[in-house]
>>> print(open('final-v6.cif').read())   # mmCIF, N, CA and C atoms
data_query
#
loop_
_atom_site.label_atom_id
_atom_site.label_comp_id
_atom_site.auth_asym_id
_atom_site.auth_seq_id
_atom_site.Cartn_x
_atom_site.Cartn_y
_atom_site.Cartn_z
N ALA E 1 22.89 -21.84 -5.79
CA ALA E 1 21.51 -21.45 -6.07
C ALA E 1 21.21 -20.16 -5.32
N ARG E 2 20.45 -19.33 -5.96
CA ARG E 2 20.04 -18.06 -5.34
C ARG E 2 18.52 -18.11 -5.19
N VAL E 3 18.02 -17.80 -4.01
CA VAL E 3 16.59 -17.85 -3.75
C VAL E 3 16.13 -16.53 -3.17
N GLU E 4 15.06 -15.97 -3.72
CA GLU E 4 14.44 -14.75 -3.19
C GLU E 4 13.02 -15.10 -2.79
N VAL E 5 12.59 -14.64 -1.62
CA VAL E 5 11.24 -14.92 -1.14
C VAL E 5 10.57 -13.62 -0.75
N THR E 6 9.33 -13.45 -1.19
CA THR E 6 8.54 -12.29 -0.79
C THR E 6 7.24 -12.78 -0.18
N ALA E 7 6.66 -12.00 0.69
CA ALA E 7 5.40 -12.38 1.32
C ALA E 7 4.44 -11.19 1.28
N SER E 8 3.19 -11.49 1.07
CA SER E 8 2.17 -10.46 1.13
C SER E 8 0.92 -11.05 1.76
N ILE E 9 0.11 -10.21 2.33
CA ILE E 9 -1.12 -10.66 2.97
C ILE E 9 -2.29 -10.04 2.23
N GLN E 10 -3.22 -10.89 1.82
CA GLN E 10 -4.40 -10.42 1.12
C GLN E 10 -5.61 -10.69 2.02
N ARG E 11 -6.53 -9.76 2.05
CA ARG E 11 -7.71 -9.93 2.89
C ARG E 11 -8.90 -10.45 2.10
N THR E 12 -9.65 -11.31 2.75
CA THR E 12 -10.92 -11.76 2.22
C THR E 12 -11.99 -11.22 3.15
N THR E 13 -12.95 -10.52 2.61
CA THR E 13 -13.95 -9.90 3.48
C THR E 13 -15.35 -10.29 3.03
N GLU E 14 -16.23 -10.33 4.00
CA GLU E 14 -17.65 -10.52 3.75
C GLU E 14 -18.38 -9.46 4.56
N ASP E 15 -19.32 -8.81 3.95
CA ASP E 15 -20.10 -7.78 4.65
C ASP E 15 -19.21 -6.71 5.27
N GLU E 16 -18.11 -6.40 4.58
CA GLU E 16 -17.17 -5.37 5.03
C GLU E 16 -16.47 -5.71 6.34
N GLU E 17 -16.62 -6.94 6.82
CA GLU E 17 -15.97 -7.39 8.05
C GLU E 17 -14.92 -8.44 7.68
N PRO E 18 -13.68 -8.22 8.04
CA PRO E 18 -12.68 -9.25 7.73
C PRO E 18 -12.91 -10.48 8.60
N THR E 19 -13.11 -11.62 7.96
CA THR E 19 -13.32 -12.87 8.69
C THR E 19 -12.21 -13.87 8.38
N ALA E 20 -11.55 -13.68 7.28
CA ALA E 20 -10.47 -14.58 6.90
C ALA E 20 -9.42 -13.78 6.14
N LYS E 21 -8.21 -14.26 6.20
CA LYS E 21 -7.11 -13.66 5.44
C LYS E 21 -6.32 -14.77 4.78
N THR E 22 -5.55 -14.37 3.81
CA THR E 22 -4.68 -15.31 3.10
C THR E 22 -3.27 -14.74 3.06
N VAL E 23 -2.31 -15.54 3.47
CA VAL E 23 -0.90 -15.19 3.34
C VAL E 23 -0.41 -15.82 2.05
N THR E 24 0.15 -15.02 1.16
CA THR E 24 0.68 -15.51 -0.10
C THR E 24 2.19 -15.28 -0.11
N MET E 25 2.94 -16.33 -0.35
CA MET E 25 4.39 -16.22 -0.44
C MET E 25 4.83 -16.72 -1.80
N SER E 26 5.83 -16.06 -2.34
CA SER E 26 6.39 -16.51 -3.60
C SER E 26 7.90 -16.54 -3.48
N GLY E 27 8.50 -17.42 -4.22
CA GLY E 27 9.96 -17.55 -4.21
C GLY E 27 10.47 -17.76 -5.62
N ARG E 28 11.65 -17.25 -5.89
CA ARG E 28 12.33 -17.45 -7.17
C ARG E 28 13.66 -18.14 -6.89
N TYR E 29 14.07 -18.96 -7.83
CA TYR E 29 15.37 -19.60 -7.68
C TYR E 29 16.11 -19.56 -9.01
N SER E 30 17.41 -19.59 -8.92
CA SER E 30 18.29 -19.65 -10.08
C SER E 30 19.38 -20.66 -9.80
N LEU E 31 19.59 -21.57 -10.71
CA LEU E 31 20.72 -22.50 -10.62
C LEU E 31 21.82 -21.97 -11.53
N LEU E 32 22.99 -21.82 -10.95
CA LEU E 32 24.11 -21.25 -11.69
C LEU E 32 25.20 -22.29 -11.92
N ALA E 33 25.78 -22.27 -13.09
CA ALA E 33 26.93 -23.13 -13.40
C ALA E 33 28.15 -22.57 -12.68
N ALA E 34 29.22 -23.34 -12.67
CA ALA E 34 30.46 -22.91 -12.00
C ALA E 34 30.98 -21.59 -12.56
N ASP E 35 30.73 -21.32 -13.85
CA ASP E 35 31.21 -20.06 -14.44
C ASP E 35 30.23 -18.91 -14.22
N GLY E 36 29.13 -19.16 -13.51
CA GLY E 36 28.20 -18.09 -13.19
C GLY E 36 27.03 -17.95 -14.14
N THR E 37 26.99 -18.74 -15.19
CA THR E 37 25.86 -18.66 -16.12
C THR E 37 24.65 -19.38 -15.54
N GLU E 38 23.49 -18.82 -15.79
CA GLU E 38 22.26 -19.41 -15.27
C GLU E 38 21.86 -20.61 -16.14
N ILE E 39 21.67 -21.75 -15.50
CA ILE E 39 21.29 -22.95 -16.26
C ILE E 39 19.82 -23.31 -16.05
N ALA E 40 19.20 -22.78 -15.00
CA ALA E 40 17.77 -23.02 -14.77
C ALA E 40 17.28 -21.98 -13.77
N SER E 41 16.00 -21.67 -13.88
CA SER E 41 15.40 -20.75 -12.92
C SER E 41 13.90 -21.02 -12.87
N GLY E 42 13.27 -20.50 -11.87
CA GLY E 42 11.84 -20.70 -11.75
C GLY E 42 11.25 -19.87 -10.64
N ARG E 43 9.93 -19.93 -10.54
CA ARG E 43 9.19 -19.19 -9.52
C ARG E 43 8.07 -20.08 -9.03
N ARG E 44 7.86 -20.09 -7.74
CA ARG E 44 6.77 -20.84 -7.14
C ARG E 44 6.02 -19.93 -6.18
N GLN E 45 4.74 -20.23 -5.99
CA GLN E 45 3.90 -19.41 -5.10
C GLN E 45 2.98 -20.33 -4.31
N ILE E 46 2.71 -19.95 -3.08
CA ILE E 46 1.82 -20.73 -2.22
C ILE E 46 0.95 -19.77 -1.42
N ALA E 47 -0.28 -20.18 -1.16
CA ALA E 47 -1.20 -19.37 -0.35
C ALA E 47 -1.65 -20.20 0.84
N SER E 48 -1.77 -19.54 1.97
CA SER E 48 -2.22 -20.20 3.19
C SER E 48 -3.29 -19.32 3.84
N SER E 49 -4.50 -19.84 3.95
CA SER E 49 -5.61 -19.08 4.51
C SER E 49 -5.76 -19.36 6.00
N TYR E 50 -6.34 -18.39 6.70
CA TYR E 50 -6.60 -18.58 8.12
C TYR E 50 -7.77 -17.72 8.55
N ASP E 51 -8.46 -18.16 9.60
CA ASP E 51 -9.57 -17.40 10.17
C ASP E 51 -9.02 -16.31 11.08
N VAL E 52 -9.72 -15.20 11.14
CA VAL E 52 -9.32 -14.09 12.00
C VAL E 52 -10.26 -14.04 13.21
N PRO E 53 -9.81 -14.52 14.35
CA PRO E 53 -10.66 -14.44 15.53
C PRO E 53 -10.77 -13.01 16.04
N SER E 54 -11.74 -12.74 16.89
CA SER E 54 -11.95 -11.38 17.38
C SER E 54 -10.91 -10.97 18.41
N GLN E 55 -10.30 -11.92 19.07
CA GLN E 55 -9.28 -11.61 20.08
C GLN E 55 -7.97 -11.25 19.38
N GLU E 56 -7.38 -10.12 19.74
CA GLU E 56 -6.21 -9.60 19.01
C GLU E 56 -5.01 -10.54 19.05
N PHE E 57 -4.68 -11.07 20.23
CA PHE E 57 -3.52 -11.96 20.31
C PHE E 57 -3.76 -13.23 19.49
N ALA E 58 -4.96 -13.77 19.55
CA ALA E 58 -5.28 -14.97 18.78
C ALA E 58 -5.18 -14.70 17.29
N ALA E 59 -5.58 -13.50 16.85
CA ALA E 59 -5.48 -13.13 15.44
C ALA E 59 -4.02 -13.05 15.00
N LEU E 60 -3.17 -12.48 15.84
CA LEU E 60 -1.74 -12.39 15.52
C LEU E 60 -1.12 -13.78 15.46
N ARG E 61 -1.50 -14.64 16.38
CA ARG E 61 -0.97 -16.01 16.41
C ARG E 61 -1.42 -16.79 15.17
N ALA E 62 -2.67 -16.61 14.78
CA ALA E 62 -3.18 -17.30 13.59
C ALA E 62 -2.43 -16.84 12.34
N GLU E 63 -2.14 -15.54 12.27
CA GLU E 63 -1.38 -15.01 11.13
C GLU E 63 0.03 -15.60 11.10
N ARG E 64 0.68 -15.63 12.25
CA ARG E 64 2.04 -16.18 12.32
C ARG E 64 2.05 -17.66 11.94
N ASP E 65 1.06 -18.41 12.41
CA ASP E 65 0.96 -19.83 12.06
C ASP E 65 0.77 -20.01 10.55
N ALA E 66 -0.05 -19.16 9.93
CA ALA E 66 -0.26 -19.23 8.48
C ALA E 66 1.03 -18.89 7.73
N GLN E 67 1.77 -17.92 8.23
CA GLN E 67 3.05 -17.57 7.60
C GLN E 67 4.04 -18.73 7.70
N ASP E 68 4.10 -19.35 8.87
CA ASP E 68 5.00 -20.49 9.05
C ASP E 68 4.60 -21.65 8.13
N ARG E 69 3.31 -21.91 8.04
CA ARG E 69 2.81 -22.99 7.19
C ARG E 69 3.14 -22.71 5.72
N ALA E 70 2.92 -21.47 5.28
CA ALA E 70 3.22 -21.09 3.90
C ALA E 70 4.71 -21.19 3.62
N ALA E 71 5.54 -20.78 4.57
CA ALA E 71 6.99 -20.84 4.38
C ALA E 71 7.46 -22.29 4.23
N ARG E 72 6.93 -23.19 5.06
CA ARG E 72 7.31 -24.61 4.96
C ARG E 72 6.88 -25.19 3.61
N GLU E 73 5.67 -24.88 3.19
CA GLU E 73 5.17 -25.41 1.92
C GLU E 73 5.93 -24.82 0.74
N LEU E 74 6.26 -23.53 0.80
CA LEU E 74 7.03 -22.90 -0.27
C LEU E 74 8.43 -23.51 -0.35
N ALA E 75 9.05 -23.74 0.79
CA ALA E 75 10.38 -24.36 0.80
C ALA E 75 10.34 -25.73 0.13
N GLU E 76 9.29 -26.50 0.40
CA GLU E 76 9.15 -27.82 -0.22
C GLU E 76 8.94 -27.70 -1.74
N LEU E 77 8.12 -26.75 -2.17
CA LEU E 77 7.91 -26.53 -3.60
C LEU E 77 9.22 -26.15 -4.30
N LEU E 78 9.99 -25.27 -3.68
CA LEU E 78 11.26 -24.85 -4.27
C LEU E 78 12.25 -26.01 -4.30
N ARG E 79 12.29 -26.80 -3.23
CA ARG E 79 13.19 -27.95 -3.20
C ARG E 79 12.86 -28.93 -4.33
N LEU E 80 11.57 -29.20 -4.53
CA LEU E 80 11.17 -30.11 -5.60
C LEU E 80 11.47 -29.53 -6.98
N ALA E 81 11.26 -28.23 -7.16
CA ALA E 81 11.53 -27.60 -8.45
C ALA E 81 13.02 -27.65 -8.79
N VAL E 82 13.87 -27.38 -7.79
CA VAL E 82 15.32 -27.43 -8.01
C VAL E 82 15.73 -28.87 -8.34
N ALA E 83 15.17 -29.84 -7.60
CA ALA E 83 15.50 -31.24 -7.87
C ALA E 83 15.09 -31.66 -9.27
N GLN E 84 13.92 -31.20 -9.73
CA GLN E 84 13.48 -31.51 -11.09
C GLN E 84 14.43 -30.92 -12.11
N ASP E 85 14.83 -29.67 -11.90
CA ASP E 85 15.74 -29.03 -12.85
C ASP E 85 17.10 -29.74 -12.88
N ILE E 86 17.58 -30.18 -11.74
CA ILE E 86 18.85 -30.89 -11.69
C ILE E 86 18.73 -32.24 -12.38
N ALA E 87 17.62 -32.94 -12.14
CA ALA E 87 17.41 -34.26 -12.76
C ALA E 87 17.27 -34.16 -14.27
N ALA E 88 16.75 -33.04 -14.76
CA ALA E 88 16.56 -32.86 -16.20
C ALA E 88 17.88 -32.56 -16.92
N ARG E 89 18.90 -32.26 -16.20
CA ARG E 89 20.20 -31.90 -16.81
C ARG E 89 21.03 -33.11 -17.09
#
>>> encode(input="final-v6.cif", output="C-alpha cells")
Amino acid sequence: ARVEVTASIQRTTEDEEPTAKTVTMSGRYSLLAADGTEIASGRRQIASSYDVPSQEFAALRAERDAQDRAARELAELLRLAVAQDIAAR
C-alpha cells in the first residue's frame, strides 16, 4: 500500500482577530496487486480545530496537539478504508 499525507492550516477569524484555527489533513492510499496493478484506492480527510491562546508558546503547543490529534484520526480513517477495500475483495 502506498499512502500520501498532506497537511494544511486554515484560519477561522472573528472581528479580524484569529481566535481559532483548524488543522486539516488528508491522505490517499492505493492497494496494489503483486503485479503492481492498482486494485483499490481512496482519499480521506480530517479536520481538527483548536483555540489560539494569546501566549505564544501555548498557541504553538495547541497547534501541535491539534496536528497530533488529526494525524491519529486520519490514520484510523485510512486503516478502516483499507480494511473495507480488502474485505470487499
>>> atom_distance(input="final-v6.cif", atom1="atom CA of E:Gln45", atom2="atom CA of E:Asp65")
17.4 Å
>>> closest_residue(input="final-v6.cif", among="E:Gln84, E:Arg64, E:Ala58, E:Ser30", to="E:Gly42", atoms="all atoms listed in the file")
E:Ser30
>>> resolve_selection(input="final-v6.cif", expression="the PyMOL selection byres ((chain E and resi 49-52) around 7)", output="list in words")
Pro18, Thr19, Ala20, Lys21, Thr22, Val23, Ala47, Ser48, Pro53, Ser54, Gln55, Ala58, Ala59, Ala62, Glu63 and Ala66 of chain E
>>> closest_residue(input="final-v6.cif", among="E:Ile46, E:Ala88, E:Tyr29, E:Ile39", to="E:Ala70", atoms="only N, CA and C atoms")
E:Ile46
>>> residues_around(input="final-v6.cif", residues="E:Arg89", least_positions_apart="6", cutoff="12 Å", atoms="only C-alpha atoms", output="PDB file with N, CA and C atoms, in the coordinates of the input")
ATOM      1  N   LEU E  31      19.590 -21.570 -10.710  1.00  0.00           N
ATOM      2  CA  LEU E  31      20.720 -22.500 -10.620  1.00  0.00           C
ATOM      3  C   LEU E  31      21.820 -21.970 -11.530  1.00  0.00           C
ATOM      4  N   ALA E  33      25.780 -22.270 -13.090  1.00  0.00           N
ATOM      5  CA  ALA E  33      26.930 -23.130 -13.400  1.00  0.00           C
ATOM      6  C   ALA E  33      28.150 -22.570 -12.680  1.00  0.00           C
ATOM      7  N   ILE E  39      21.670 -21.750 -15.500  1.00  0.00           N
ATOM      8  CA  ILE E  39      21.290 -22.950 -16.260  1.00  0.00           C
ATOM      9  C   ILE E  39      19.820 -23.310 -16.050  1.00  0.00           C
ATOM     10  N   ALA E  40      19.200 -22.780 -15.000  1.00  0.00           N
ATOM     11  CA  ALA E  40      17.770 -23.020 -14.770  1.00  0.00           C
ATOM     12  C   ALA E  40      17.280 -21.980 -13.770  1.00  0.00           C
ATOM     13  N   VAL E  82      13.870 -27.380  -7.790  1.00  0.00           N
ATOM     14  CA  VAL E  82      15.320 -27.430  -8.010  1.00  0.00           C
ATOM     15  C   VAL E  82      15.730 -28.870  -8.340  1.00  0.00           C
ATOM     16  N   ALA E  83      15.170 -29.840  -7.600  1.00  0.00           N
ATOM     17  CA  ALA E  83      15.500 -31.240  -7.870  1.00  0.00           C
ATOM     18  C   ALA E  83      15.090 -31.660  -9.270  1.00  0.00           C
TER      19      ALA E  83
END
>>> atom_distance(input="final-v6.cif", atom1="atom C of E:Leu32", atom2="atom C of E:Ala81")
13.7 Å
>>> select_by_dssp(input="final-v6.cif", residues="stretch 7-80 of chain E", states="strand (DSSP E or B)", output="JSON, numbers by chain")
{"E": [7, 8, 9, 10, 11, 12, 13, 14, 17, 18, 19, 20, 21, 22, 23, 24, 25, 26, 27, 28, 29, 30, 31, 32, 38, 39, 40, 41, 42, 43, 44, 45, 46, 47, 48, 49, 50, 51]}
>>> atom_distance(input="final-v6.cif", atom1="atom CA of E:Glu73", atom2="atom CA of E:Phe57")
24.4 Å
>>> axis_aligned_box(input="final-v6.cif", around="stretch 20-31 of chain E", padding_each_side="8 Å", output="JSON")
{"center_x": 5.1, "center_y": -18.1, "center_z": -2.1, "size_x": 49.4, "size_y": 24.8, "size_z": 34.8}
>>> resolve_selection(input="final-v6.cif", expression="the PyMOL selection byres (((chain E and resi 75 and name CA) around 12) and name CA)", output="mmCIF file with N, CA and C atoms, in the frame of the given file")
data_model
loop_
_atom_site.group_PDB
_atom_site.id
_atom_site.type_symbol
_atom_site.label_atom_id
_atom_site.label_comp_id
_atom_site.auth_asym_id
_atom_site.auth_seq_id
_atom_site.Cartn_x
_atom_site.Cartn_y
_atom_site.Cartn_z
ATOM 1 N N VAL E 3 18.020 -17.800 -4.010
ATOM 2 C CA VAL E 3 16.590 -17.850 -3.750
ATOM 3 C C VAL E 3 16.130 -16.530 -3.170
ATOM 4 N N GLU E 4 15.060 -15.970 -3.720
ATOM 5 C CA GLU E 4 14.440 -14.750 -3.190
ATOM 6 C C GLU E 4 13.020 -15.100 -2.790
ATOM 7 N N VAL E 5 12.590 -14.640 -1.620
ATOM 8 C CA VAL E 5 11.240 -14.920 -1.140
ATOM 9 C C VAL E 5 10.570 -13.620 -0.750
ATOM 10 N N MET E 25 2.940 -16.330 -0.350
ATOM 11 C CA MET E 25 4.390 -16.220 -0.440
ATOM 12 C C MET E 25 4.830 -16.720 -1.800
ATOM 13 N N SER E 26 5.830 -16.060 -2.340
ATOM 14 C CA SER E 26 6.390 -16.510 -3.600
ATOM 15 C C SER E 26 7.900 -16.540 -3.480
ATOM 16 N N GLY E 27 8.500 -17.420 -4.220
ATOM 17 C CA GLY E 27 9.960 -17.550 -4.210
ATOM 18 C C GLY E 27 10.470 -17.760 -5.620
ATOM 19 N N ARG E 28 11.650 -17.250 -5.890
ATOM 20 C CA ARG E 28 12.330 -17.450 -7.170
ATOM 21 C C ARG E 28 13.660 -18.140 -6.890
ATOM 22 N N TYR E 29 14.070 -18.960 -7.830
ATOM 23 C CA TYR E 29 15.370 -19.600 -7.680
ATOM 24 C C TYR E 29 16.110 -19.560 -9.010
ATOM 25 N N ARG E 43 9.930 -19.930 -10.540
ATOM 26 C CA ARG E 43 9.190 -19.190 -9.520
ATOM 27 C C ARG E 43 8.070 -20.080 -9.030
ATOM 28 N N ARG E 44 7.860 -20.090 -7.740
ATOM 29 C CA ARG E 44 6.770 -20.840 -7.140
ATOM 30 C C ARG E 44 6.020 -19.930 -6.180
ATOM 31 N N GLN E 45 4.740 -20.230 -5.990
ATOM 32 C CA GLN E 45 3.900 -19.410 -5.100
ATOM 33 C C GLN E 45 2.980 -20.330 -4.310
ATOM 34 N N ILE E 46 2.710 -19.950 -3.080
ATOM 35 C CA ILE E 46 1.820 -20.730 -2.220
ATOM 36 C C ILE E 46 0.950 -19.770 -1.420
ATOM 37 N N ASP E 68 4.100 -19.350 8.870
ATOM 38 C CA ASP E 68 5.000 -20.490 9.050
ATOM 39 C C ASP E 68 4.600 -21.650 8.130
ATOM 40 N N ARG E 69 3.310 -21.910 8.040
ATOM 41 C CA ARG E 69 2.810 -22.990 7.190
ATOM 42 C C ARG E 69 3.140 -22.710 5.720
ATOM 43 N N ALA E 70 2.920 -21.470 5.280
ATOM 44 C CA ALA E 70 3.220 -21.090 3.900
ATOM 45 C C ALA E 70 4.710 -21.190 3.620
ATOM 46 N N ALA E 71 5.540 -20.780 4.570
ATOM 47 C CA ALA E 71 6.990 -20.840 4.380
ATOM 48 C C ALA E 71 7.460 -22.290 4.230
ATOM 49 N N ARG E 72 6.930 -23.190 5.060
ATOM 50 C CA ARG E 72 7.310 -24.610 4.960
ATOM 51 C C ARG E 72 6.880 -25.190 3.610
ATOM 52 N N GLU E 73 5.670 -24.880 3.190
ATOM 53 C CA GLU E 73 5.170 -25.410 1.920
ATOM 54 C C GLU E 73 5.930 -24.820 0.740
ATOM 55 N N LEU E 74 6.260 -23.530 0.800
ATOM 56 C CA LEU E 74 7.030 -22.900 -0.270
ATOM 57 C C LEU E 74 8.430 -23.510 -0.350
ATOM 58 N N GLU E 76 9.290 -26.500 0.400
ATOM 59 C CA GLU E 76 9.150 -27.820 -0.220
ATOM 60 C C GLU E 76 8.940 -27.700 -1.740
ATOM 61 N N LEU E 77 8.120 -26.750 -2.170
ATOM 62 C CA LEU E 77 7.910 -26.530 -3.600
ATOM 63 C C LEU E 77 9.220 -26.150 -4.300
ATOM 64 N N LEU E 78 9.990 -25.270 -3.680
ATOM 65 C CA LEU E 78 11.260 -24.850 -4.270
ATOM 66 C C LEU E 78 12.250 -26.010 -4.300
ATOM 67 N N ARG E 79 12.290 -26.800 -3.230
ATOM 68 C CA ARG E 79 13.190 -27.950 -3.200
ATOM 69 C C ARG E 79 12.860 -28.930 -4.330
ATOM 70 N N LEU E 80 11.570 -29.200 -4.530
ATOM 71 C CA LEU E 80 11.170 -30.110 -5.600
ATOM 72 C C LEU E 80 11.470 -29.530 -6.980
ATOM 73 N N ALA E 81 11.260 -28.230 -7.160
ATOM 74 C CA ALA E 81 11.530 -27.600 -8.450
ATOM 75 C C ALA E 81 13.020 -27.650 -8.790
ATOM 76 N N VAL E 82 13.870 -27.380 -7.790
ATOM 77 C CA VAL E 82 15.320 -27.430 -8.010
ATOM 78 C C VAL E 82 15.730 -28.870 -8.340
#
>>> decode(input="final-v6.cif", residues="stretch 56-65 of chain E", atoms="all heavy atoms", output="compact mmCIF listing (two decimals), in the first residue's frame")
# COMPACT_ATOMS: atom_id res chain seq x y z
N GLU E 56 2.27 32.91 23.25
CA GLU E 56 2.85 32.31 22.04
C GLU E 56 3.17 30.83 22.20
O GLU E 56 2.84 30.02 21.34
CB GLU E 56 4.12 33.07 21.64
CG GLU E 56 4.68 32.58 20.33
CD GLU E 56 5.89 33.39 19.87
OE1 GLU E 56 6.15 34.45 20.43
OE2 GLU E 56 6.56 32.92 18.94
N PHE E 57 3.82 30.46 23.31
CA PHE E 57 4.16 29.04 23.49
C PHE E 57 2.90 28.19 23.59
O PHE E 57 2.83 27.10 23.01
CB PHE E 57 5.03 28.83 24.73
CG PHE E 57 5.37 27.39 24.96
CD1 PHE E 57 6.33 26.76 24.19
CD2 PHE E 57 4.69 26.64 25.91
CE1 PHE E 57 6.63 25.41 24.37
CE2 PHE E 57 4.97 25.30 26.09
CZ PHE E 57 5.95 24.68 25.33
N ALA E 58 1.90 28.67 24.30
CA ALA E 58 0.64 27.92 24.43
C ALA E 58 -0.03 27.77 23.08
O ALA E 58 -0.63 26.72 22.79
CB ALA E 58 -0.28 28.62 25.42
N ALA E 59 0.05 28.78 22.22
CA ALA E 59 -0.53 28.70 20.88
C ALA E 59 0.19 27.65 20.04
O ALA E 59 -0.45 26.88 19.32
CB ALA E 59 -0.48 30.07 20.20
N LEU E 60 1.51 27.60 20.13
CA LEU E 60 2.28 26.60 19.39
C LEU E 60 1.95 25.19 19.89
O LEU E 60 1.81 24.26 19.10
CB LEU E 60 3.77 26.87 19.52
CG LEU E 60 4.29 28.12 18.83
CD1 LEU E 60 5.74 28.38 19.19
CD2 LEU E 60 4.12 28.00 17.33
N ARG E 61 1.82 25.04 21.20
CA ARG E 61 1.50 23.74 21.78
C ARG E 61 0.10 23.29 21.36
O ARG E 61 -0.12 22.11 21.05
CB ARG E 61 1.60 23.84 23.32
CG ARG E 61 1.47 22.55 24.04
CD ARG E 61 2.67 21.69 23.81
NE ARG E 61 2.25 20.51 23.07
CZ ARG E 61 3.05 19.63 22.52
NH1 ARG E 61 4.34 19.76 22.61
NH2 ARG E 61 2.59 18.60 21.89
N ALA E 62 -0.84 24.22 21.35
CA ALA E 62 -2.21 23.88 20.93
C ALA E 62 -2.23 23.43 19.47
O ALA E 62 -2.94 22.48 19.12
CB ALA E 62 -3.13 25.08 21.14
N GLU E 63 -1.45 24.11 18.63
CA GLU E 63 -1.37 23.72 17.22
C GLU E 63 -0.77 22.33 17.07
O GLU E 63 -1.29 21.50 16.32
CB GLU E 63 -0.55 24.73 16.43
CG GLU E 63 -0.47 24.40 14.96
CD GLU E 63 0.30 25.44 14.16
OE1 GLU E 63 0.63 26.51 14.70
OE2 GLU E 63 0.57 25.17 12.98
N ARG E 64 0.31 22.06 17.79
CA ARG E 64 0.94 20.74 17.72
C ARG E 64 -0.01 19.65 18.20
O ARG E 64 -0.10 18.58 17.61
CB ARG E 64 2.22 20.75 18.56
CG ARG E 64 2.92 19.40 18.71
CD ARG E 64 3.56 18.89 17.44
NE ARG E 64 4.49 19.80 16.86
CZ ARG E 64 5.79 19.84 17.12
NH1 ARG E 64 6.31 19.02 17.99
NH2 ARG E 64 6.55 20.71 16.50
N ASP E 65 -0.73 19.92 19.28
CA ASP E 65 -1.71 18.95 19.79
C ASP E 65 -2.80 18.67 18.76
O ASP E 65 -3.21 17.53 18.57
CB ASP E 65 -2.33 19.43 21.09
CG ASP E 65 -1.35 19.42 22.26
OD1 ASP E 65 -0.28 18.77 22.14
OD2 ASP E 65 -1.65 20.06 23.29
